[in-house]
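Everything below concerns the one structure shown next.
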Amino acid sequence: MNRAENEAYWGSTDTAPSALDSFFDEDSEVSWRGSSGAASWRAKSDRGEGKPEVSGASPSSSGSSNTSYSIVDNITVTSTQDWAFVEVGGSGTNSGRSVAGVGKAIGEKLDSWKPPSVSIKWNSSQGQGSSCAQCVAKDNEIIKLKKRLENSFSRYNLTLPPEDTVKRILLGQPYSLECYRSHEDKIALLDTALATLDGSAILASVIHLKNTVKKTLFVKEMQTRPHAVQVYVSYLKKRHNYPEAIDFLGLLGKTEEAAILSYELALTGKAPEGKLKNFKKLLETNFSHPGLAFEASMVEDNIKLLSRQLTIDEVDQKDQSNPMLAKYPRAANVAGKPLLTTLFYCCMYHWEAGESHPGSPLALRKEHDLTSRQLLWTVLRGRARVHHWPLPQELDAWKGNKGLLGALGSLTSALGGSGRVGTSTVKAKLPIDQLVRYLATSGAPSNILAVYIGLVDPIGTRLTLALNHKCHQAVIDVYVIQKDKGALEKYMKEIPEGLPEYLKAENALKTAKWKL
Amino acid sequence: MSEPQSLGLDVEILRRLSRDRLVRVLEDAPGSKDLIIDGDLMKMFDRIAGTSLLRNHGVGKMYRLERLPPPVDSGQRVYLVKPSLISLKYIAEHVHADRVNHPHLQVHVVVVPRLVSWISSLLEEEGLYGALTLHEFTPEFIPLDDDLLTLEMTSFYRDAFLEGDFSGCVSVARAINTLQDLYGRIPNVLAHGRAATAVVNALDLLTQNNSPKKSNQIPEIGYLFIFDRDADYVTPLLTQLTYEGALDEHFGIQAGVVELPGSVVGQEMPRKIQVNSQDTIFDNIRNMHFGGVSRYLVTRAREVKAKRDQTQTMTTEQMKEFVANELRAVKTLQASLDLHLQTCEAITSATQGDLEARLLAEHGLVTGAGGAASLATDLLENLLARMLPMPNNLRLLCLYSLAQDGLSRKEYKRLASQVVAAHGHRHLCTLHNLRQLGLLTVNEGSTEGSGSGGTQLQERLAQMTSLLPRRGSGWKEAARRLGLVGGEDDHIDLHSPTHMSYVFNGAYTPAVAKIVSDALASRSIAPLSLTEALKLLPGTTVTRSSSPGSPVPPRVALVVLLGGLTFAEIAALRLLAVISSTRIILASTSTITGSVLLSSVAHL
């Protein structure tokens with residue numbers, strides 16, 4: 001605040017307008033009025049004594065020429081109207097009304113609404129010289145007023161109470177943060193905004209702070225205000241300013257959040273090759289913290305998977321020899337898909353491929369940790385997609401003995417299956433009823449179904465399941481185990497005569513041991 | 001169940017108010033104009049106004065907001081958008097593009113529901129400050145039914161609880177304030193949670209501006225309850241069992257409209273149906289336990305058939321009378337019965353087999369039944385291995401975490417890597433979000449994390465934050481204190497319910513319904529036992545009660561849920577309304593299911 005300028009401005013008037021008196025008489029209101037006056041005065045002088053804003057435009061449309069944040073630019077929008085209204089009303093005390101129009105500039109008022117009569121008076125008084133007694137009294141008064149005005153420029157009086165500003169933001173009224181210049185004021189504003197929880201107010205005051213103080217100071221203040229951090233970071237994210245958000249979180253010591261955000265940023269990359277490069281960089285920087293070992297291992301996993309997927313896509317796009325690729329054309333590239341989808345894909349197209357092939361399900365399994373459950377479900381689903389339903393023995397063998405895979409393509413053994421695969425992992429890991437339902441809906445042949453139904457315990461449930469799915473083989477098996485000849489004889493009527501199951505049932509009736 | 005008009009409170013008036021306000025906004029751009037609407041807002045505007053209203057106020061063509069600008073057909077263009085960065089970026093691109101060929105095009109931007117502070121700075125950065133005119137449109141609560149209001153602020157949960165942006169609370173407060181303008185200041189208030197506190201604060205600000213005359217008005221609503229969604233996460237996570245809840249879970253009810261796929265209704269195109277109390281059949285079954293719905297529908301169908309059979313033996317005279325008076329009603333009844341039987345069938349066949357195991361695990365977890373935990377993890381691992389839809393899998397994961405008061409680090413690692421394997425590595429971010437929200441809690445072992453990396457200060461800060469009380473843990477104690485689990489020893493009758501826990505087979509009472517019930521039952525709105533129990537939920541409590549000596553408050557309560565309301569809660573509160581003979585009006589930022597809730601915070 002430049003004193004000389006100050007006087008130059010105020011000096012242009014010999015006397016203050018009467019309305020100004022009333023301002024200073026109301027002690028309680030002095031603070032914000034004086035201050036706002038000063039603030040806006042400063043803004044005015046910045047603009048080189050711009051013309052007053054008198055156009056009574058609506059808040060939204062009038063801003064056309066305003067591109068600054070200054071009070072004048074933001075406030076006049078409604079306050080010129082407000083003001084006129086108050087003055088026309090003619091009341092000397094304009095408390096209630098003008099409180100609503102906080103931030104009205106005294107200078108502005110002097111300039112813009114000083115009615116013609118007043119300005120004439122001022123001019124004439126200036127012309128009269130200063131020798132008369134009246135004038136001495138006036139001079140004294142001027143000195144007194146100047147003093148009060150100066151007082152009103154002290155720091156505390158300069159700012160509007162933060163409550164008022166925050167309230168204006170909440171209610172969607174025009175506001176300005178320009179007057180919050182001392183650090184304490186900015187912090188007071190921020191804390192008032194935080195107390196309301198309003199995102200709009202918090203963000204406005206955080207950004208004001210950010211724009212006006214150096215970074216270390218900003219970080220220091222934010223350190224103790226987690227809600228402000230949260231609002232600011234999500235704002236940066238929304239604006240796609242990830243690098244700054246990551247940097248900021250890092251400075252605050254929020255390593256995990258910074259790491260996750262940097263991963264999120266890497267994910268936004270379009271080209272998989274670029275993603276891969278970014279992931280690798282992350283591991284060395286943001287994920288190096290020991291507390292993030294698990295997350296780091298996941299990112300590492302992602303890198304391995306994505307690299308393999310890229311190789312698979314490259315190979316399979318060119319591959320003309322794989323009959324499966326011809327029979328079931330690829331719907332999309334596998335790059336970027338989840339691990340289990342990739343396994344599904346590999347089971348579909350590369351079931352019999354050796355481990356050296358990039359698409360080999362065995363190789364995939366070797367490289368990534370997969371639970372038996374994940375393996376079994378995905379293999380079954382992937383194979384069912386190409387109308388191959390491996391038997392439990394095959395799955396067991398596949399799981400345990402990686403080399404045997406090629407030999408297990410055949411299904412012939414299924415025909416003789418009577419479901420005595422007691423200690424199968426399939427049984428241990430999967431809810432068989434759901435598995436059977438899945439196999440049935442995927443169109444698995446009845447003999448395969450019978451083997452899986454045979455794994456169900458207790459036998460009563462097995463029978464229900466077999467009957468539900470009309471799986472004759474499984475029903476016959478149950479009755480044989482139960483030695484229930486009558487039931488089987490009755491069930492014979494359900495089986496069409498031409499089916500191999502019919503013969504089987506007949507055979508069983510003759511040869512099996514029955515209860516007497 | 002509902003004879004609201006007799007109580008004198010007509011919520012339909014709110015729709016008229018919103019409509020009038022919309023008209024005013026449209027007339028701010030007088031003359032003909034084209035309208036460009038944010039896709040997210042369409043459903044809401046559909047509930048407020050029809051196209052004819054828009055046409056009457058100068059709207060020519062209407063477009064959905066997209067990246068490319070629509071053709072310029074009139075001199076004015078009005079955008080209706082949410083305060084989202086993408087929408088505003090699109091608008092900025094449109095304006096820049098159209099400026100070249102249409103320098104005189106007038107552009108108005110209406111921000112719904114609130115013109116927040118950063119919008120004008122964004123436009124300023126784009127060099128567009130002043131080039132377009134900004135407006136604000138704050139809708140009132142939109143009535144979906146006599147007792148159900150919504151603001152259709154579908155991103156409220158994510159904005160407030162994940163991103164810490166509670167700016168939507170001002171819009172909620174405005175809507176409540178309108179109700180107070182209409183029906184008098186609500187004397188008794190119980191609000192719990194951060195967002196609820198923000199709403200009460202904003203409401204106080206708004207009522208300061210109201211004319212003092214208003215405070216003398218005799219209140220027609222006696223009680224106001226405001227809760228945050230995080231007061232009860234268990235309810236949305238549990239599978240809903242009422243008919244309306246099941247309908248929402250399977251087909252999705254948005255702003256009171258369900259879209260049934262063609263395969264369900266037996267036609268080629270999907271069919272949109274408004275579900276509310278005007279459909280008498282639906283009104284009867286919406287809150288029923290799903291298990292009893294088909295039986296009811298079949299019985300009613302038989303009655304209708306009997307009625308139709310009667311027509312065979314009618315005299316001409318009787319027939320004439322039947323056609324004149326009853327035929328129409330019988331026909332609509334028949335159509336409604338057919339529809340609901342079809343949807344019932346579709347839901348039953350979709351849930352077949354899986355539902356039973358799921359309910360067993362869910363209810364076991366909540367009631368703390370022995371062996372439930374291993375049952376639940378077993379089920380969860382199978383669901384993940386089968387790659388079933390992610391939101392449903394995450395629901396079980398979160399429920400498991402809440403009911404166990406958090407997962408051990410080891411368990412988290414195991415389950416998290418399975419989630420990632422099934423749904424993609426990018427959901428590392430989703431899991432992080434769930435942990436931020438307290439939907440998923442990991443109890444850190446004391447021995448872990450004492451690495452040497454990072455500065456000492458950072459280490460210490462990290463330690464400090466980990467010591468802060470974690471949301472999401474301590475659910476067991478809160479549920480016990482509030483009496484949400486079990487409670488009644490009697491067998492719960494699911495089909496003619498007397499206890500609110502029927503919505504979850506008697507295993508659990510939605511916390512919001514229980515708190516409202518306790519408050520309405522006691523003489524003061526917040527009895528000590530209740531406020532003590534509320535301390536265990538995240539956030540703080542605000543209470544206001546009518547001054548002693550003031551007249552007995554009317555038995556009308558407004559219950560507001562911030563961040564989404566489930567139909568299970570709605571059903572429970574509707575039952576409470578009957579039991580406690582109170583009219584209960586439910587309001588929320590939107591109706592949700594657990595899957596909608598979790599999808600909204602998942603990484604895309």
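Scheme for the structure tokens: letters A, B, ... for chains in order shown; per-chain residue numbers from 1; ligand numbers from 1 in order shown.
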For a quick test of understanding: name the residues of chain B lying within 8 Å of chain A when counting only C-alpha atoms, and present them as a compact mmCIF listing (two decimals) with N, CA, C and O atoms, in the first residue's frame.
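Done, and the output landed in result_18.txt:
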# COMPACT_ATOMS: atom_id res chain seq x y z
N LEU B 85 -15.55 -31.68 -15.35
CA LEU B 85 -14.50 -31.11 -16.19
C LEU B 85 -14.71 -31.47 -17.65
O LEU B 85 -14.60 -30.63 -18.54
N LEU B 115 -23.36 -24.03 -9.46
CA LEU B 115 -22.26 -23.37 -10.16
C LEU B 115 -21.09 -23.25 -9.20
O LEU B 115 -21.04 -22.32 -8.40
N VAL B 116 -20.18 -24.21 -9.23
CA VAL B 116 -19.11 -24.21 -8.23
C VAL B 116 -17.95 -23.33 -8.69
O VAL B 116 -17.85 -22.97 -9.85
N SER B 117 -17.08 -23.05 -7.71
CA SER B 117 -16.11 -21.97 -7.90
C SER B 117 -15.15 -22.19 -9.06
O SER B 117 -14.74 -21.26 -9.73
N TRP B 118 -14.79 -23.46 -9.32
CA TRP B 118 -13.71 -23.64 -10.29
C TRP B 118 -14.19 -23.50 -11.73
O TRP B 118 -13.38 -23.43 -12.65
N GLU B 124 -12.17 -19.19 -17.79
CA GLU B 124 -11.20 -18.11 -17.95
C GLU B 124 -9.93 -18.65 -18.60
O GLU B 124 -9.39 -18.04 -19.53
N TYR B 129 -14.09 -16.70 -20.68
CA TYR B 129 -14.85 -16.00 -19.64
C TYR B 129 -15.58 -14.84 -20.31
O TYR B 129 -14.99 -14.02 -20.98
N GLY B 130 -16.88 -14.81 -20.15
CA GLY B 130 -17.65 -13.75 -20.76
C GLY B 130 -18.18 -14.10 -22.14
O GLY B 130 -19.13 -13.50 -22.61
N ALA B 131 -17.55 -15.07 -22.78
CA ALA B 131 -18.02 -15.45 -24.12
C ALA B 131 -19.29 -16.27 -24.02
O ALA B 131 -20.04 -16.40 -24.99
N LEU B 132 -19.53 -16.84 -22.88
CA LEU B 132 -20.79 -17.55 -22.70
C LEU B 132 -21.40 -17.15 -21.37
O LEU B 132 -20.72 -16.66 -20.47
N THR B 133 -22.70 -17.34 -21.26
CA THR B 133 -23.42 -16.91 -20.09
C THR B 133 -23.64 -18.10 -19.17
O THR B 133 -24.13 -19.13 -19.61
N LEU B 134 -23.28 -17.92 -17.90
CA LEU B 134 -23.43 -19.01 -16.95
C LEU B 134 -24.72 -18.88 -16.14
O LEU B 134 -25.08 -17.79 -15.72
N HIS B 135 -25.39 -19.99 -15.96
CA HIS B 135 -26.59 -20.02 -15.13
C HIS B 135 -26.47 -21.21 -14.19
O HIS B 135 -25.65 -22.09 -14.38
N GLU B 163 -13.64 -38.41 -2.93
CA GLU B 163 -12.82 -37.27 -3.31
C GLU B 163 -12.91 -36.11 -2.32
O GLU B 163 -12.27 -35.10 -2.50
N GLY B 164 -13.74 -36.27 -1.30
CA GLY B 164 -13.80 -35.24 -0.27
C GLY B 164 -14.49 -33.97 -0.71
O GLY B 164 -14.38 -32.94 -0.07
N ASP B 165 -15.21 -34.04 -1.83
CA ASP B 165 -15.90 -32.85 -2.32
C ASP B 165 -17.37 -32.88 -1.90
O ASP B 165 -18.19 -33.54 -2.52
N PHE B 166 -17.65 -32.15 -0.84
CA PHE B 166 -19.02 -32.15 -0.31
C PHE B 166 -19.84 -30.99 -0.88
O PHE B 166 -20.79 -30.55 -0.25
N SER B 167 -19.46 -30.49 -2.04
CA SER B 167 -20.16 -29.31 -2.55
C SER B 167 -21.61 -29.64 -2.90
O SER B 167 -22.45 -28.75 -2.96
N CYS B 169 -23.63 -30.97 -1.02
CA CYS B 169 -24.45 -30.83 0.19
C CYS B 169 -25.26 -29.54 0.17
O CYS B 169 -26.35 -29.48 0.72
N VAL B 170 -24.72 -28.51 -0.45
CA VAL B 170 -25.45 -27.25 -0.52
C VAL B 170 -26.74 -27.45 -1.33
O VAL B 170 -27.80 -26.93 -0.96
N ARG B 194 -20.36 -36.80 8.07
CA ARG B 194 -19.73 -35.56 7.59
C ARG B 194 -20.63 -34.82 6.63
O ARG B 194 -20.85 -33.62 6.76
N ALA B 195 -21.14 -35.54 5.64
CA ALA B 195 -21.98 -34.87 4.65
C ALA B 195 -23.25 -34.33 5.32
O ALA B 195 -23.70 -33.22 5.01
N ALA B 198 -22.47 -31.18 6.93
CA ALA B 198 -22.35 -30.12 5.93
C ALA B 198 -23.72 -29.65 5.47
O ALA B 198 -23.94 -28.45 5.26
N ASN B 201 -25.20 -27.46 8.21
CA ASN B 201 -24.56 -26.15 8.20
C ASN B 201 -25.10 -25.26 7.08
O ASN B 201 -25.41 -24.09 7.29
N ALA B 202 -25.18 -25.85 5.89
CA ALA B 202 -25.66 -25.08 4.75
C ALA B 202 -27.13 -24.70 4.95
O ALA B 202 -27.56 -23.59 4.60
N LEU B 205 -27.35 -21.68 7.08
CA LEU B 205 -27.05 -20.49 6.29
C LEU B 205 -28.27 -20.04 5.50
O LEU B 205 -28.59 -18.86 5.44
N GLY B 353 -29.39 -71.51 -7.86
CA GLY B 353 -28.17 -72.20 -7.47
C GLY B 353 -27.19 -71.35 -6.70
O GLY B 353 -26.73 -71.74 -5.64
N ASP B 354 -26.90 -70.17 -7.22
CA ASP B 354 -25.88 -69.35 -6.57
C ASP B 354 -26.41 -68.60 -5.35
O ASP B 354 -25.67 -68.32 -4.42
N GLU B 381 -13.68 -66.89 -3.37
CA GLU B 381 -12.61 -67.36 -4.25
C GLU B 381 -13.18 -68.07 -5.47
O GLU B 381 -12.65 -67.97 -6.57
N ASN B 382 -14.28 -68.77 -5.26
CA ASN B 382 -14.91 -69.41 -6.41
C ASN B 382 -15.52 -68.38 -7.36
O ASN B 382 -15.41 -68.51 -8.58
N LEU B 384 -14.55 -65.39 -7.80
CA LEU B 384 -13.46 -64.71 -8.51
C LEU B 384 -12.87 -65.62 -9.58
O LEU B 384 -12.55 -65.18 -10.68
N ALA B 385 -12.74 -66.90 -9.26
CA ALA B 385 -12.18 -67.83 -10.23
C ALA B 385 -13.10 -67.98 -11.44
O ALA B 385 -12.65 -68.22 -12.55
N ARG B 386 -14.40 -67.84 -11.19
CA ARG B 386 -15.35 -67.94 -12.31
C ARG B 386 -15.47 -66.63 -13.07
O ARG B 386 -16.21 -66.54 -14.03
N MET B 387 -14.80 -65.61 -12.61
CA MET B 387 -14.84 -64.28 -13.23
C MET B 387 -16.25 -63.74 -13.34
O MET B 387 -16.63 -63.14 -14.34
N LYS B 413 -3.60 -59.70 0.93
CA LYS B 413 -2.74 -59.99 -0.21
C LYS B 413 -3.32 -61.12 -1.04
O LYS B 413 -3.35 -61.06 -2.27
N SER B 417 -4.88 -60.29 -4.76
CA SER B 417 -4.25 -60.77 -6.00
C SER B 417 -5.23 -61.60 -6.81
O SER B 417 -5.15 -61.64 -8.04
N VAL B 420 -7.37 -59.06 -8.67
CA VAL B 420 -6.60 -58.50 -9.78
C VAL B 420 -6.49 -59.51 -10.93
O VAL B 420 -6.63 -59.15 -12.09
N ALA B 421 -6.30 -60.77 -10.58
CA ALA B 421 -6.18 -61.80 -11.62
C ALA B 421 -7.48 -61.92 -12.41
O ALA B 421 -7.48 -62.11 -13.63
N ALA B 422 -8.61 -61.82 -11.72
CA ALA B 422 -9.89 -62.01 -12.38
C ALA B 422 -10.34 -60.78 -13.15
O ALA B 422 -10.97 -60.89 -14.20
N HIS B 423 -10.06 -59.60 -12.62
CA HIS B 423 -10.66 -58.39 -13.20
C HIS B 423 -9.65 -57.42 -13.78
O HIS B 423 -10.03 -56.40 -14.33
N GLY B 424 -8.38 -57.72 -13.65
CA GLY B 424 -7.38 -56.85 -14.28
C GLY B 424 -6.53 -56.12 -13.25
O GLY B 424 -7.01 -55.78 -12.17
N HIS B 425 -5.29 -55.89 -13.60
CA HIS B 425 -4.36 -55.25 -12.67
C HIS B 425 -4.77 -53.83 -12.33
O HIS B 425 -4.43 -53.32 -11.27
N ARG B 426 -5.49 -53.19 -13.25
CA ARG B 426 -5.84 -51.80 -12.98
C ARG B 426 -6.71 -51.67 -11.73
O ARG B 426 -6.80 -50.60 -11.14
N LEU B 428 -6.07 -52.60 -8.95
CA LEU B 428 -5.24 -52.22 -7.82
C LEU B 428 -5.71 -50.84 -7.33
O LEU B 428 -5.74 -50.57 -6.13
N CYS B 429 -6.08 -50.00 -8.27
CA CYS B 429 -6.58 -48.66 -7.92
C CYS B 429 -7.95 -48.77 -7.25
O CYS B 429 -8.24 -48.05 -6.29
N HIS B 432 -7.49 -49.80 -3.78
CA HIS B 432 -7.00 -48.65 -3.03
C HIS B 432 -8.17 -47.73 -2.64
O HIS B 432 -8.27 -47.29 -1.50
N GLU B 448 5.47 -55.30 10.62
CA GLU B 448 5.78 -55.02 9.22
C GLU B 448 6.07 -53.54 8.98
O GLU B 448 5.74 -52.69 9.78
N GLY B 449 6.67 -53.27 7.85
CA GLY B 449 6.81 -51.90 7.36
C GLY B 449 7.89 -51.08 8.03
O GLY B 449 7.88 -49.87 7.93
N SER B 450 8.82 -51.71 8.74
CA SER B 450 9.88 -50.92 9.35
C SER B 450 11.11 -50.93 8.45
O SER B 450 12.19 -51.33 8.84
N GLY B 451 10.91 -50.50 7.23
CA GLY B 451 12.00 -50.48 6.26
C GLY B 451 12.90 -49.29 6.49
O GLY B 451 12.66 -48.45 7.37
N SER B 452 13.91 -49.20 5.69
CA SER B 452 14.86 -48.10 5.88
C SER B 452 14.69 -47.02 4.81
O SER B 452 15.34 -46.01 4.86
N GLY B 453 13.84 -47.28 3.84
CA GLY B 453 13.68 -46.31 2.75
C GLY B 453 12.95 -45.06 3.23
O GLY B 453 12.25 -45.06 4.23
N GLY B 454 13.12 -43.98 2.49
CA GLY B 454 12.42 -42.75 2.80
C GLY B 454 13.06 -42.03 3.97
O GLY B 454 13.83 -42.60 4.73
N GLN B 458 9.15 -38.79 6.94
CA GLN B 458 8.11 -39.47 6.17
C GLN B 458 7.65 -40.73 6.88
O GLN B 458 6.47 -41.02 6.96
N GLU B 459 8.64 -41.46 7.39
CA GLU B 459 8.31 -42.69 8.11
C GLU B 459 7.38 -42.39 9.27
O GLU B 459 6.38 -43.07 9.47
N LEU B 461 5.50 -39.82 9.76
CA LEU B 461 4.18 -39.35 9.34
C LEU B 461 3.30 -40.53 8.91
O LEU B 461 2.13 -40.60 9.24
N ALA B 462 3.93 -41.42 8.19
CA ALA B 462 3.19 -42.59 7.74
C ALA B 462 2.68 -43.37 8.94
O ALA B 462 1.55 -43.85 8.96
- Item | range 156-158 of chain B surroundings by only C-alpha atoms, 8 Å radius, close-in-sequence under 6 positions cut, as a PyMOL selection string | chain B and resi 168+229+562-564+589+597+600-601
- Message: Under the rule that only C-alpha atoms are counted, which of A:Leu455, A:Ala505, A:Leu325, A:Ile142 is the nearest residue to Val475 in chain A?
- Response: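 The answer is A:Ala505, which sits nearest to Val475 in chain A.
Nearest-residue note for Asp279 in chain B: choosing from B:Lys307, B:His340, B:His427, B:Arg24, the minimum distance belongs to B:His340, counting only C-alpha atoms.
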- Task: Have a look at B:Arg114, B:Gly474, B:Met500, B:Gly370 and name the one nearest to Asp405 in chain B; count only C-alpha atoms.
- Result: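 Using only C-alpha atoms, the shortest distance to Asp405 in chain B belongs to B:Gly474.
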